[in-house]
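Down below is the structure, laid out as structure tokens.
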Amino acid sequence: MTRRRSAGLLLHRVHDGRPEVLLGHMGGPYWVRKDDGGWSVPKGEHEESEPAQDAARREFTEELGLPVPEGPWTDLGDARQPSGKVVRVFALAADLDVAAAAFGTFEMEWPPRSGRQQVFPELDRVAWLDLDTARAKLVTGQRVFLDRLASHILATGQ
């Protein structure tokens with residue numbers, strides 16, 4: 001059985017002396033009323049044959065409608081999600097003006113079993129969040145990437 005895989009890009013910066021990360025609130029009807037636990041690293045699924053870094057770059061651009069900033073990437077590794085999907089996240093120290101974001105969309109049947117297809121944004125908002133706030137907002141399975149990023153920042157100073 002082929003394991004589902006996703007890859008994402010976690011931008012981080014220092015703002016007012018504190019590290020912050022760029023996260024997106026998941027779009028669609030299942031997440032509309034969920035704030036804590038309803039945010040994600042910008043990411044998306046990819047085939048095993050596609051390099052994870054290429055997928056992370058593509059998904060970032062598709063989901064935010066913005067180009068990926070230049071700079072060196074840090075591989076934060078893989079984490080198996082409660083669903084069984086394996087997510088690989090890369091970190092990039094960069095600042096980005098999120099006011100210009102234009103979110104990608106997906107289509108799904110809504111309401112369930114109605115036969116009607118509706119279009120929803122993949123993300124409905126993005127924000128720079130400090131690490132403590134990000135920990136509360138992120139879906140549980142992605143919180144490990146905040147720990148890995150914090151360790152990277154402590155070890156390298158960036």
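As shown in the structure tokens, the chain order sets the letters A, B, ...; within each chain, residues go from 1, and ligands are also counted from 1 in the order they appear.
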
Shell around range 88-92 of chain A at 8 Å using only C-alpha atoms, local window under 4 positions removed, as a VMD selection string: chain A and resid 5 to 12 52 to 53 56 71 to 79 145 149

Spatial neighbours of range 66-68 of chain A, max dist 8 Å, only C-alpha atoms, sep filter under 2 positions, as a ChimeraX atom specification: /A:57,60-62,64,70,100-102

CA of Gly28 in chain A to CA of Phe120 in chain A, distance in Å rounded to a single decimal: 5.2 Å

Residues near Pro82 in chain A, cut-off 7 Å, only C-alpha atoms, skip fewer than 2 positions along chain, as a ChimeraX atom specification: /A:80,84,141

Backbone-only DSSP, helix (DSSP H, G or I) members of range 4-155 of chain A, as a VMD selection string: chain A and resid 52 to 64 98 to 100 131 to 137 140 to 155

Contacts of Arg135 in chain A within 10 Å, only C-alpha atoms, excl. fewer than 4 positions in-chain, as number ranges by chain: A: 36-37, 39, 129-131, 139-140, 142-147

Could the residues in this selection be written to a file with all heavy atoms, as a JSON list (two decimals), in the first residue's frame?
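File part15.json, as written:
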```
[["chain", "number", "residue", "atom", "x", "y", "z"],
["A", 36, "ASP", "N", -8.35, 27.02, 17.40],
["A", 36, "ASP", "CA", -7.29, 26.19, 17.97],
["A", 36, "ASP", "C", -7.37, 24.81, 17.34],
["A", 36, "ASP", "O", -8.44, 24.19, 17.28],
["A", 36, "ASP", "CB", -7.44, 26.08, 19.48],
["A", 36, "ASP", "CG", -7.04, 27.35, 20.21],
["A", 36, "ASP", "OD1", -6.54, 28.29, 19.55],
["A", 36, "ASP", "OD2", -7.20, 27.41, 21.44],
["A", 37, "GLY", "N", -6.25, 24.34, 16.83],
["A", 37, "GLY", "CA", -6.20, 23.04, 16.16],
["A", 37, "GLY", "C", -6.68, 23.08, 14.72],
["A", 37, "GLY", "O", -6.80, 22.03, 14.09],
["A", 39, "TRP", "N", -5.20, 25.19, 12.24],
["A", 39, "TRP", "CA", -4.19, 25.83, 11.42],
["A", 39, "TRP", "C", -3.16, 24.80, 10.96],
["A", 39, "TRP", "O", -2.99, 23.76, 11.59],
["A", 39, "TRP", "CB", -3.50, 26.95, 12.21],
["A", 39, "TRP", "CG", -4.41, 28.11, 12.50],
["A", 39, "TRP", "CD1", -5.50, 28.10, 13.34],
["A", 39, "TRP", "CD2", -4.32, 29.42, 11.96],
["A", 39, "TRP", "NE1", -6.08, 29.35, 13.35],
["A", 39, "TRP", "CE2", -5.37, 30.18, 12.52],
["A", 39, "TRP", "CE3", -3.44, 30.03, 11.07],
["A", 39, "TRP", "CZ2", -5.58, 31.52, 12.21],
["A", 39, "TRP", "CZ3", -3.63, 31.37, 10.77],
["A", 39, "TRP", "CH2", -4.69, 32.09, 11.33],
["A", 129, "LEU", "N", 2.55, 33.99, 13.64],
["A", 129, "LEU", "CA", 2.21, 33.68, 15.03],
["A", 129, "LEU", "C", 3.48, 33.35, 15.81],
["A", 129, "LEU", "O", 4.37, 32.66, 15.30],
["A", 129, "LEU", "CB", 1.27, 32.48, 15.09],
["A", 129, "LEU", "CG", -0.02, 32.58, 14.28],
["A", 129, "LEU", "CD1", -0.73, 31.23, 14.23],
["A", 129, "LEU", "CD2", -0.92, 33.65, 14.85],
["A", 130, "ASP", "N", 3.54, 33.82, 17.07],
["A", 130, "ASP", "CA", 4.67, 33.43, 17.92],
["A", 130, "ASP", "C", 4.55, 31.93, 18.21],
["A", 130, "ASP", "O", 3.49, 31.33, 18.00],
["A", 130, "ASP", "CB", 4.71, 34.27, 19.20],
["A", 130, "ASP", "CG", 3.52, 34.02, 20.10],
["A", 130, "ASP", "OD1", 3.46, 32.93, 20.73],
["A", 130, "ASP", "OD2", 2.63, 34.88, 20.14],
["A", 131, "LEU", "N", 5.63, 31.32, 18.67],
["A", 131, "LEU", "CA", 5.65, 29.86, 18.80],
["A", 131, "LEU", "C", 4.62, 29.32, 19.79],
["A", 131, "LEU", "O", 4.04, 28.26, 19.56],
["A", 131, "LEU", "CB", 7.06, 29.38, 19.17],
["A", 131, "LEU", "CG", 8.13, 29.65, 18.11],
["A", 131, "LEU", "CD1", 9.48, 29.10, 18.56],
["A", 131, "LEU", "CD2", 7.75, 29.09, 16.75],
["A", 139, "VAL", "N", -2.69, 21.99, 14.00],
["A", 139, "VAL", "CA", -3.23, 20.64, 14.19],
["A", 139, "VAL", "C", -2.19, 19.83, 14.96],
["A", 139, "VAL", "O", -0.97, 20.05, 14.83],
["A", 139, "VAL", "CB", -3.58, 19.97, 12.84],
["A", 139, "VAL", "CG1", -4.73, 20.67, 12.16],
["A", 139, "VAL", "CG2", -2.38, 19.89, 11.93],
["A", 140, "THR", "N", -2.63, 18.94, 15.79],
["A", 140, "THR", "CA", -1.76, 18.21, 16.72],
["A", 140, "THR", "C", -0.55, 17.57, 16.06],
["A", 140, "THR", "O", 0.56, 17.68, 16.55],
["A", 140, "THR", "CB", -2.59, 17.13, 17.45],
["A", 140, "THR", "OG1", -3.71, 17.76, 18.08],
["A", 140, "THR", "CG2", -1.75, 16.42, 18.49],
["A", 142, "GLN", "N", 1.26, 18.31, 13.61],
["A", 142, "GLN", "CA", 2.31, 19.18, 13.07],
["A", 142, "GLN", "C", 3.07, 19.93, 14.15],
["A", 142, "GLN", "O", 4.06, 20.59, 13.86],
["A", 142, "GLN", "CB", 1.70, 20.18, 12.07],
["A", 142, "GLN", "CG", 1.17, 19.53, 10.83],
["A", 142, "GLN", "CD", 0.57, 20.53, 9.88],
["A", 142, "GLN", "OE1", 0.90, 21.71, 9.88],
["A", 142, "GLN", "NE2", -0.36, 20.06, 9.06],
["A", 143, "ARG", "N", 2.68, 19.82, 15.39],
["A", 143, "ARG", "CA", 3.34, 20.56, 16.47],
["A", 143, "ARG", "C", 4.80, 20.17, 16.64],
["A", 143, "ARG", "O", 5.62, 20.98, 17.05],
["A", 143, "ARG", "CB", 2.58, 20.40, 17.77],
["A", 143, "ARG", "CG", 1.22, 21.08, 17.71],
["A", 143, "ARG", "CD", 0.39, 20.88, 18.94],
["A", 143, "ARG", "NE", -0.93, 21.47, 18.72],
["A", 143, "ARG", "CZ", -2.00, 21.18, 19.44],
["A", 143, "ARG", "NH1", -1.91, 20.32, 20.44],
["A", 143, "ARG", "NH2", -3.15, 21.75, 19.16],
["A", 144, "VAL", "N", 5.14, 18.95, 16.30],
["A", 144, "VAL", "CA", 6.53, 18.49, 16.39],
["A", 144, "VAL", "C", 7.46, 19.37, 15.55],
["A", 144, "VAL", "O", 8.63, 19.55, 15.91],
["A", 144, "VAL", "CB", 6.63, 17.00, 15.99],
["A", 144, "VAL", "CG1", 6.28, 16.80, 14.52],
["A", 144, "VAL", "CG2", 8.01, 16.47, 16.27],
["A", 145, "PHE", "N", 6.96, 19.93, 14.47],
["A", 145, "PHE", "CA", 7.81, 20.77, 13.62],
["A", 145, "PHE", "C", 8.19, 22.07, 14.32],
["A", 145, "PHE", "O", 9.26, 22.62, 14.07],
["A", 145, "PHE", "CB", 7.14, 21.03, 12.27],
["A", 145, "PHE", "CG", 6.94, 19.78, 11.47],
["A", 145, "PHE", "CD1", 5.66, 19.34, 11.16],
["A", 145, "PHE", "CD2", 8.03, 19.03, 11.04],
["A", 145, "PHE", "CE1", 5.47, 18.17, 10.44],
["A", 145, "PHE", "CE2", 7.84, 17.86, 10.32],
["A", 145, "PHE", "CZ", 6.57, 17.42, 10.01],
["A", 146, "LEU", "N", 7.35, 22.56, 15.23],
["A", 146, "LEU", "CA", 7.71, 23.74, 16.00],
["A", 146, "LEU", "C", 8.87, 23.43, 16.94],
["A", 146, "LEU", "O", 9.78, 24.24, 17.11],
["A", 146, "LEU", "CB", 6.51, 24.26, 16.81],
["A", 146, "LEU", "CG", 5.32, 24.78, 16.01],
["A", 146, "LEU", "CD1", 4.21, 25.21, 16.96],
["A", 146, "LEU", "CD2", 5.73, 25.91, 15.09],
["A", 147, "ASP", "N", 8.83, 22.24, 17.55],
["A", 147, "ASP", "CA", 9.94, 21.82, 18.42],
["A", 147, "ASP", "C", 11.24, 21.71, 17.63],
["A", 147, "ASP", "O", 12.29, 22.17, 18.07],
["A", 147, "ASP", "CB", 9.62, 20.47, 19.07],
["A", 147, "ASP", "CG", 8.39, 20.52, 19.95],
["A", 147, "ASP", "OD1", 8.06, 21.61, 20.48],
["A", 147, "ASP", "OD2", 7.74, 19.46, 20.12]]
```

Every residue of range 1-157 of chain A that DSSP places in strand (DSSP E), as a ChimeraX atom specification: /A:5-15,18-26,39-40,43-46,73-80,86-93,105-109,117-121,123-130

Option closest in space to Met108 in chain A, from A:Ala155, A:Ala94, A:Pro29, A:Glu45 [counting only C-alpha atoms]: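 Going through A:Ala155, A:Ala94, A:Pro29, A:Glu45 one by one, the smallest distance to Met108 in chain A is for A:Pro29.
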
Nearest-residue call for Gly24 in chain A, choices A:Val41, A:Ile153, A:Val98, A:Val86, using only C-alpha atoms: A:Val41

Close residues, Gly157 in chain A itself excluded, 12 Å, only C-alpha atoms, min 3 positions apart in chain, as a list in words: Arg13, Val14, Pro19, Ala93, Leu149, Ala150, Ser151, His152, Ile153 and Leu154 of chain A

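Checking A:Tyr30, A:Ala134, A:Lys43, A:His25 one by one against Pro111 in chain A, counting only C-alpha atoms, you find the shortest gap at A:Tyr30.
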